[in-house]
Each structure stands twice: as structure tokens, then as C-alpha cells.
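Notes for the one structure printed next.
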Amino acid sequence: MAQQVFDVCVVGSGPGGGIAAYALTKAGLKVALVEGGRRLRAGIDYGKYDASLTQIGKRMDAKLSGSLPALSRDYSETNHFVPIGDRPRHGQLRALGGRSLCWAGHSLRFGPLDFKKWPISYDEMAPYYSRAELLMGVHGDKDGLSNMPDGEFQKGVPLRCPEKMLKLGVERLRGQGREMAFVAQRKAMPTEKAAQGRAVCHYCGHCMDGCEVESKYTSANTPIPLAMRTGNLTLLMESTMTRILMRKGEPLVDGIEYVDSKGATNKLQCNALVMSCSTVETARHLLHNGIGNSSGQIGRNLSSHFGLTLVGLFPQVRGRDTAHDDGTDYYHSLLTHMYWDKPSKDFEGTYQVQCGAGFHRAKPAIRFAPGFGAAMKRELEDLNAIHAGMNMQGTLLASPKKFVDLDPEKKDRFGIPLPRIHLHYDDNDIRMAQDVVNTCEEIIRAAGGTVHQTPGTVTADKLVIDSNHWVGTMRMGTDPRTSVVNTTNQSHDVKNLFIGDSSVYPANPEKNPTLTNIALTWRMSEKLAEKFKRRAI
Amino acid sequence: MYRRELIQIIGAAATAAAQAPKQFLSTAQLTKLESLTETILPDAKQTKVAAYIDLMLQHADEPARRMWTSGIEKLTNVEEAAREEMNPKTEAGRFFVVLKRTTIEAHYLLLSGGHNMSQGFAGCTHANHAG
């Protein structure tokens, strides 16, 4: 095959890669988007029926486990990394759009305080947040919070009765001088008007199974089709990058080598390369290719979110109508504003708690009441109606005990070494989690509820890492000795190499990473397009 | 698996007993399973949980099928098996745990048709729940 030449090659079509493809093609650049998976059709290749059906089938062999979206089970890579230490997990979906197909859609801006730990400011990012929210169709309430700024929202989604009880508990503690807030979630699914042709949400509650009607924003249903319409995008699906090619005698990328769906090895040439493979995979490829790492920081500064769950019961809402509880999936509300202005004396970092409630009949949150028969059924339905779940999302402290490197022996089917994720919780993480447990129990009791489920005393074995929120292996900074990319996501070492995913985060607040990934990669893409215009690439 | 087929399967689960001649469990096993599920969760017979489980078993692998046919045979006294629920020691006790969870999930799934689409979402509308 004749070698293809592009202005930019983008590797990976998840949240970062999708928006990079859109912004770069819109600027008139010829772009190749390289994706290892194929296009999965909403409602055909995946959907809520599939998930509900096959979850039960899976449990019938007695291997009982938590909910698994059909997308994750049927299309995700397995054995694609080596876990070391405290049970690290890593989600990877080989499909056009990547993990954006089964993300929850939670879209929270990082705030001015969060950006104080970054070399760019909130004001620099704010216009890109606005553009991203309008494109994504984010809904939410204008809460006026200092460090989680309001955005371009469609109308927010109201709370369910037990969530109102949590809000009541929070307000009572606020009355005692505690600094916290309880607000409705902000998610990337339109509630008032179609966003880029995507229908408004119809409240079926299956967002993470894969939105069957394409209401929820994904890379596959919004930026990539927009990029295709420019006529400037070449989409290479079922094509896996196996090597980054460098120019002879120059520290510049020349192109990539990839294996296509037929197993043939091809090359494509590009004037700039954008890596959007995810925090773990981008670091893996650059470590494997041995480029861009004069600082020795690639794979370091790893962070994510970790957590645990509590459940409260609120007898005040007993007997309510639960017929229409589904909403926009389980988590509708958020405990936030924790330790923003006054850091804890016991631990470093911040956390938020995602809260949910409701009797979702297709997938009840509480599936156990003791015994059998009519009494058990009554108790089960009562528990679902009056419960509220509280799921911690705390910032994992970056430390030398947490990093990504290459396994010296294990390789994937393309011969590339597997990444190892090293996760060892620090005492700081335990102390933060204990604060969450104590605070959530207080909130439940302050609202007149009872604690139904709690981890009690926290130990490392009770903590669960978020498999989709890894950030930080390609740290942004102004000093090439301590960081991998500059403030426009450009490699310090290789001037036509850019990173378009959340691996560049120099610090990780408690908020979900995807909206910032999209806004930041949009910004990077515009800066890159400007460089092309100035012939600086 | 395509959506059309999946919807057909969901639909089939609700009408399997009446219409589908295809069946994995013997009629005697299916009758017993129907009785067990109804004992564990009243109205499970109405939502046809046993037919749904049979449908799943038609697509299951051999170890899962063996576990279910053996469990149906061994579970003769639900009350006795339920006493072991928190720490099952016998095959009947272990099977009770699996059967109960499957019955609960299948019952509510079939009740909702896998899809509980609201006409909008009002959230809490009770003045006395306001914080």
C-alpha cells in the first residue's frame, strides 16, 4: 500500500481523540484518526436490553458480581494490563469512541482553586469549557459554587425523595458551620433541546450500559461525525498503532506504523502526532518507543479516584410512589464543596460523594433482604424505595508508590509490552476515606435516617479504585526537567508530538476528568492548528 | 446479538411457557423451579421467572446447566436452605442463594420489560421532603 501523508495523526478515538479530530479538521487540517476497534451501533451492537439480559445470564453460573455493562463485557479488552498491589483496575474499550460509549456523563468543571496547581488558569480554560458543554449538551443547575463553576447548562434534573433527605442532612450540618454543599449532578445529556442532532434524554436510567438512543454524548456520536463532514478526516478503524516512527537525525515524529484489520502492517506519515490513547496507554506507547522522556516522568504522578460506598435509609419517605425513579441513571446528586477553602488537617486532597437513590426495577440497587416469601419481598421493595447510596470519589494521592511502567515479559498480541499499574494506597488515602465514612454517617443521621451499610473502620482492602479516571502519567509543566509536556500539551522533547488525553493533568481534583479532558484537548488542538498556520510545525 | 433478537428474547421470556416448544429443563424440573421461585418471591410465577431461567439455560454452558439441574433437584425445603443463607454449607443452601438472587433480578426485569421509561422525570414533588 502506498504510504499516506497527513497533517496530523490522532491515535485513539475516546473523549480526547474525538474532539482533537473535530477541532483539527474544522481548522482545515488533513487528519488521520487511528482506532483499534470498530464502530458499535447504539441499539444494535449494544443497548439496555442486552445489558439487563446478559447480566442475569452471567450470574446464573453463580459467579456473582457487580453490574457489568454489556459494552464492557463484550467489547472491552481483557488482560490488557498487569495489576500490581492494591487491586488496580483499568477500563479499556476497543471501539470507535472508546470509553465514552459507557461513561456516566458526569461533567463538572474544575475550579479556580484546582487550577492553582496547574500551570494554566481557570480563566484560560473557561471558554473551552463553555464550548465543550454546548457541544455535549450538558444539563445542570446554576449552583453558584466557587470551585465548581456553573456552565452552559440545559435544565437540571431534580432529586429523588431520598436524595432530598441527604440534602436536608447536609443543610442541617451547614447550619452547624460545616463547609459542604449538596447539588444535582451535571451530565452530558440534553434535557431541553437536541444537541448536535442528539435527542433529549428520555430518562430510562441506562446511561452506563450505553445510551441506546444516542442522547448521551460520546465521541462516536458527536465530534467524529462532525469531523467526517468537513471532508478532512480519514478514519482508520480496527487499526492498532504498533510503533512511532521518528525522522532520521531529528527529534521529530515522522509517522506511525499500524496493523490493520487484515493483519497487514502499514505506515502513515504525519507532520504532527496526537496521542489520545488514555493515561495508561499513552504512557505505555511512549515508554515502549523510548521517546519524550528526558525528564524520566512518563508513567509517574499517577492518580485516579478511589472510594467506598455507604447506604442510608430514610423512613420519612416510606410509601412514596416509585414508578418513575429511573431518571438519568442512578447517581443524580453530589455532595461537594468538601475541604476546598479549608484543607483537612488529617489528610491532603479533596473528595466528593456521588449520591443516588430510587427503585430501578430493571436493575434494583438493593438486591438483598434476608429470608424468602412475602415478608422478604416487602422488605426488599421498601429498602429500594427509602434508600440513598453515597459513593465516595476521592483524589488518589500521587506518590512514588503509584505509577505505570512496562512489564518486562508480558506482551500483547502485537508484541508490545503490557503496561503495569502499580497501586499501593498511602496512609493519606485511608485517612481521607475514613473522613468520608464519618461525614456520610453524620449526614444520614442528621436527616433522621439510619445507616444501613457502612465500611466502618477503613482499611486498604475496603477501597475500590476507579478504573476510568486514571490521570497524570504525562504531566504538564513549564520545566522540562520535571514535566513531559508544556502548557499546550506539546512534548518538551519532541516538538511535533502532542498529548490529547487526561494523562497531562499535573494535579487531580476530586471532580470527574472527562469534561476537562475534552476542553483541554480542544484548546490543544486550536494551539496546534495555529502552529500549522504559522508554519511552526 | 442484535437488538431485534434481544427484544424477541425478552418477549419470549414472558410468553415462553405458552408458546415456545423449545425448553432446556424437563417439564418436571420446570414445574418445580416455578414453585421454588414463587415460594422465594411471590408473583414470580406471574412474571414467568422460571421460563426466563430456562431460556437463559438454553444459552448457558455445561457447568452452569449442571449446577442448575442439580440445584433444582437438591433444593427440596426452601425454609431449611434459607437458614443457611448467610453461610451456606450444603449444595441446597448454596443453590438457594443463587436462585434467590436470580429470581429477584429476573422478576423485576420482566416486570419492567427491561425498560422503565418515564414520561419525563419529575423527581421528588413532596413539599414535606424539602430540605
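By order in the C-alpha cells, chains are A, B, ...; within a chain, residues start at 1; ligands start at 1, following the order shown.
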Members of segment 157-244 of chain A assigned helix (DSSP H, G or I) by DSSP, as number ranges by chain: A: 161-175, 207-209, 223-229
Please, could you write that set of residues out with N, CA and C atoms as an mmCIF file, in the first residue's frame?
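Saved the output as part21.cif:
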data_model
loop_
_atom_site.group_PDB
_atom_site.id
_atom_site.type_symbol
_atom_site.label_atom_id
_atom_site.label_comp_id
_atom_site.auth_asym_id
_atom_site.auth_seq_id
_atom_site.Cartn_x
_atom_site.Cartn_y
_atom_site.Cartn_z
ATOM 1 N N CYS A 161 -36.699 11.511 46.188
ATOM 2 C CA CYS A 161 -37.035 11.772 47.599
ATOM 3 C C CYS A 161 -35.878 11.469 48.568
ATOM 4 N N PRO A 162 -35.254 10.283 48.499
ATOM 5 C CA PRO A 162 -34.174 10.031 49.468
ATOM 6 C C PRO A 162 -32.981 10.969 49.286
ATOM 7 N N GLU A 163 -32.771 11.418 48.038
ATOM 8 C CA GLU A 163 -31.687 12.387 47.821
ATOM 9 C C GLU A 163 -32.034 13.727 48.474
ATOM 10 N N LYS A 164 -33.311 14.053 48.477
ATOM 11 C CA LYS A 164 -33.752 15.267 49.180
ATOM 12 C C LYS A 164 -33.437 15.135 50.678
ATOM 13 N N MET A 165 -33.535 13.922 51.174
ATOM 14 C CA MET A 165 -33.226 13.698 52.588
ATOM 15 C C MET A 165 -31.741 13.957 52.851
ATOM 16 N N LEU A 166 -30.885 13.494 51.933
ATOM 17 C CA LEU A 166 -29.453 13.765 52.094
ATOM 18 C C LEU A 166 -29.190 15.268 52.067
ATOM 19 N N LYS A 167 -29.885 15.937 51.173
ATOM 20 C CA LYS A 167 -29.721 17.397 51.097
ATOM 21 C C LYS A 167 -30.127 18.042 52.418
ATOM 22 N N LEU A 168 -31.198 17.510 52.995
ATOM 23 C CA LEU A 168 -31.652 18.017 54.290
ATOM 24 C C LEU A 168 -30.568 17.821 55.355
ATOM 25 N N GLY A 169 -29.962 16.634 55.349
ATOM 26 C CA GLY A 169 -28.889 16.358 56.309
ATOM 27 C C GLY A 169 -27.722 17.307 56.130
ATOM 28 N N VAL A 170 -27.358 17.559 54.875
ATOM 29 C CA VAL A 170 -26.253 18.475 54.591
ATOM 30 C C VAL A 170 -26.602 19.884 55.074
ATOM 31 N N GLU A 171 -27.824 20.305 54.822
ATOM 32 C CA GLU A 171 -28.200 21.666 55.237
ATOM 33 C C GLU A 171 -28.194 21.796 56.760
ATOM 34 N N ARG A 172 -28.570 20.746 57.440
ATOM 35 C CA ARG A 172 -28.526 20.803 58.912
ATOM 36 C C ARG A 172 -27.078 20.902 59.403
ATOM 37 N N LEU A 173 -26.171 20.172 58.770
ATOM 38 C CA LEU A 173 -24.757 20.271 59.184
ATOM 39 C C LEU A 173 -24.176 21.630 58.802
ATOM 40 N N ARG A 174 -24.608 22.149 57.664
ATOM 41 C CA ARG A 174 -24.163 23.504 57.278
ATOM 42 C C ARG A 174 -24.613 24.529 58.319
ATOM 43 N N GLY A 175 -25.787 24.294 58.853
ATOM 44 C CA GLY A 175 -26.309 25.170 59.903
ATOM 45 C C GLY A 175 -25.435 25.157 61.152
ATOM 46 N N CYS A 207 -27.706 4.830 31.305
ATOM 47 C CA CYS A 207 -26.625 5.581 30.639
ATOM 48 C C CYS A 207 -25.334 4.762 30.491
ATOM 49 N N MET A 208 -24.937 4.098 31.565
ATOM 50 C CA MET A 208 -23.636 3.431 31.532
ATOM 51 C C MET A 208 -23.671 2.094 30.799
ATOM 52 N N ASP A 209 -24.862 1.609 30.511
ATOM 53 C CA ASP A 209 -24.948 0.399 29.683
ATOM 54 C C ASP A 209 -24.676 0.742 28.222
ATOM 55 N N PRO A 223 -18.425 14.458 17.947
ATOM 56 C CA PRO A 223 -17.313 15.120 17.252
ATOM 57 C C PRO A 223 -16.802 14.362 16.034
ATOM 58 N N ILE A 224 -16.827 13.043 16.079
ATOM 59 C CA ILE A 224 -16.279 12.300 14.934
ATOM 60 C C ILE A 224 -17.179 12.456 13.697
ATOM 61 N N PRO A 225 -18.522 12.337 13.828
ATOM 62 C CA PRO A 225 -19.363 12.631 12.650
ATOM 63 C C PRO A 225 -19.173 14.072 12.153
ATOM 64 N N LEU A 226 -19.011 15.019 13.080
ATOM 65 C CA LEU A 226 -18.780 16.411 12.653
ATOM 66 C C LEU A 226 -17.457 16.522 11.887
ATOM 67 N N ALA A 227 -16.452 15.812 12.363
ATOM 68 C CA ALA A 227 -15.154 15.821 11.676
ATOM 69 C C ALA A 227 -15.268 15.195 10.288
ATOM 70 N N MET A 228 -16.052 14.132 10.196
ATOM 71 C CA MET A 228 -16.237 13.475 8.890
ATOM 72 C C MET A 228 -16.842 14.449 7.883
ATOM 73 N N ARG A 229 -17.780 15.272 8.382
ATOM 74 C CA ARG A 229 -18.485 16.194 7.484
ATOM 75 C C ARG A 229 -17.559 17.266 6.899
#
Residues near Glu442 of chain A, cut-off 10 Å, only C-alpha atoms, skip fewer than 4 positions along chain, as JSON, numbers by chain: {"A": [169, 170, 173, 436, 437, 438, 446, 447, 448, 449, 450, 451]}
Could you write out the selected residues, including C-alpha atoms, as a PDB file, in the first residue's frame?
ATOM      1  CA  GLY A 169     -28.889  16.358  56.309  1.00  0.00           C
ATOM      2  CA  VAL A 170     -26.253  18.475  54.591  1.00  0.00           C
ATOM      3  CA  LEU A 173     -24.757  20.271  59.184  1.00  0.00           C
ATOM      4  CA  VAL A 436     -15.816  10.268  54.136  1.00  0.00           C
ATOM      5  CA  VAL A 437     -17.314   7.447  56.180  1.00  0.00           C
ATOM      6  CA  ASN A 438     -17.653   9.619  59.280  1.00  0.00           C
ATOM      7  CA  ALA A 446     -28.660  14.496  60.670  1.00  0.00           C
ATOM      8  CA  ALA A 447     -31.505  13.903  58.192  1.00  0.00           C
ATOM      9  CA  GLY A 448     -33.217  11.479  60.572  1.00  0.00           C
ATOM     10  CA  GLY A 449     -32.094   8.398  58.669  1.00  0.00           C
ATOM     11  CA  THR A 450     -30.284   5.248  59.703  1.00  0.00           C
ATOM     12  CA  VAL A 451     -27.023   3.870  58.350  1.00  0.00           C
TER      13      VAL A 451
END
Spatial neighbours of segment 389-406 of chain A, max dist 7 Å, only C-alpha atoms, sep filter under 3 positions, as number ranges by chain: A: 280, 284, 299-312, 349-357, 417-424, 429, 436, 508-510
Polymer residues at most 8 Å from Arg39 of chain A, only C-alpha atoms, same-chain spacing of 2 or more positions, as a VMD selection string: chain A and resid 37 41 95 to 96 220 237
Dump as an mmCIF file, in the first residue's frame, selection limited to N, CA and C atoms:
data_model
loop_
_atom_site.group_PDB
_atom_site.id
_atom_site.type_symbol
_atom_site.label_atom_id
_atom_site.label_comp_id
_atom_site.auth_asym_id
_atom_site.auth_seq_id
_atom_site.Cartn_x
_atom_site.Cartn_y
_atom_site.Cartn_z
ATOM 1 N N GLY A 37 -10.520 -0.316 17.527
ATOM 2 C CA GLY A 37 -11.789 -1.044 17.467
ATOM 3 C C GLY A 37 -12.623 -0.666 16.260
ATOM 4 N N ARG A 41 -22.841 0.107 16.966
ATOM 5 C CA ARG A 41 -24.078 0.855 16.720
ATOM 6 C C ARG A 41 -24.997 0.804 17.936
ATOM 7 N N ALA A 95 -13.285 0.373 20.683
ATOM 8 C CA ALA A 95 -14.407 0.712 19.806
ATOM 9 C C ALA A 95 -14.280 2.177 19.443
ATOM 10 N N LEU A 96 -14.905 2.569 18.346
ATOM 11 C CA LEU A 96 -14.919 3.979 17.987
ATOM 12 C C LEU A 96 -15.628 4.753 19.105
ATOM 13 N N ALA A 220 -18.154 9.073 19.498
ATOM 14 C CA ALA A 220 -18.622 8.440 18.261
ATOM 15 C C ALA A 220 -19.876 9.098 17.710
ATOM 16 N N MET A 237 -10.308 2.490 11.246
ATOM 17 C CA MET A 237 -10.784 1.666 12.367
ATOM 18 C C MET A 237 -10.158 0.277 12.299
#
Surrounding residues of Gln154 of chain A excluding itself and chain neighbours under 2 positions, 9 Å, only C-alpha atoms, as a PyMOL selection string: chain A and resi 134+137-141+152+156+189-193
Kindly save the residues from that selection, with C-alpha atoms included, as a PDB file, in the first residue's frame.
ATOM      1  CA  LEU A 134     -22.676  23.387  24.397  1.00  0.00           C
ATOM      2  CA  GLY A 137     -25.451  19.166  25.744  1.00  0.00           C
ATOM      3  CA  VAL A 138     -24.629  19.278  29.449  1.00  0.00           C
ATOM      4  CA  HIS A 139     -27.530  19.712  31.888  1.00  0.00           C
ATOM      5  CA  GLY A 140     -27.266  21.043  35.417  1.00  0.00           C
ATOM      6  CA  ASP A 141     -28.360  23.667  37.898  1.00  0.00           C
ATOM      7  CA  GLU A 152     -23.680  26.463  29.673  1.00  0.00           C
ATOM      8  CA  GLY A 156     -31.117  20.355  35.567  1.00  0.00           C
ATOM      9  CA  MET A 189     -27.166  14.533  28.023  1.00  0.00           C
ATOM     10  CA  PRO A 190     -29.586  17.197  26.790  1.00  0.00           C
ATOM     11  CA  THR A 191     -32.809  17.789  28.693  1.00  0.00           C
ATOM     12  CA  GLU A 192     -34.359  20.663  26.738  1.00  0.00           C
ATOM     13  CA  LYS A 193     -33.213  20.744  23.140  1.00  0.00           C
TER      14      LYS A 193
END
Nearest-residue call for chain B, choices A:Lys187, A:His360, A:Arg247, A:Arg87, using only C-alpha atoms: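 Closest candidate: A:His360.
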Between atom CA of Met338 of chain A and atom CA of Asp114 of chain A - distance in Å to one decimal: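 So the two atoms, atom CA of Asp114 of chain A and atom CA of Met338 of chain A, lie 12.8 Å apart.
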Among the residues A:Gly358, A:Gly205, A:Gly91, A:Gly415, the one that comes closest to Arg243 of chain A [using only C-alpha atoms]: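 Among the listed residues, A:Gly415 lies closest to Arg243 of chain A.
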Coordinates-based distance that separates atom CA of Ala27 of chain A from atom CA of Ser219 of chain A (Å, one decimal):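 Computing it gives 18.2 Å between the two atoms.
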Exercise: Val317 of chain A partners within 8 Å, only C-alpha atoms, chain neighbours under 3 positions left out, as a ChimeraX atom specification: /A:161-162,314,320,385-386 /B:129
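Shortest atom-to-atom contact with Leu287 of chain A among A:Asp407, A:Asp321, A:Asp427, A:Glu250: A:Asp407, counting only C-alpha atoms.
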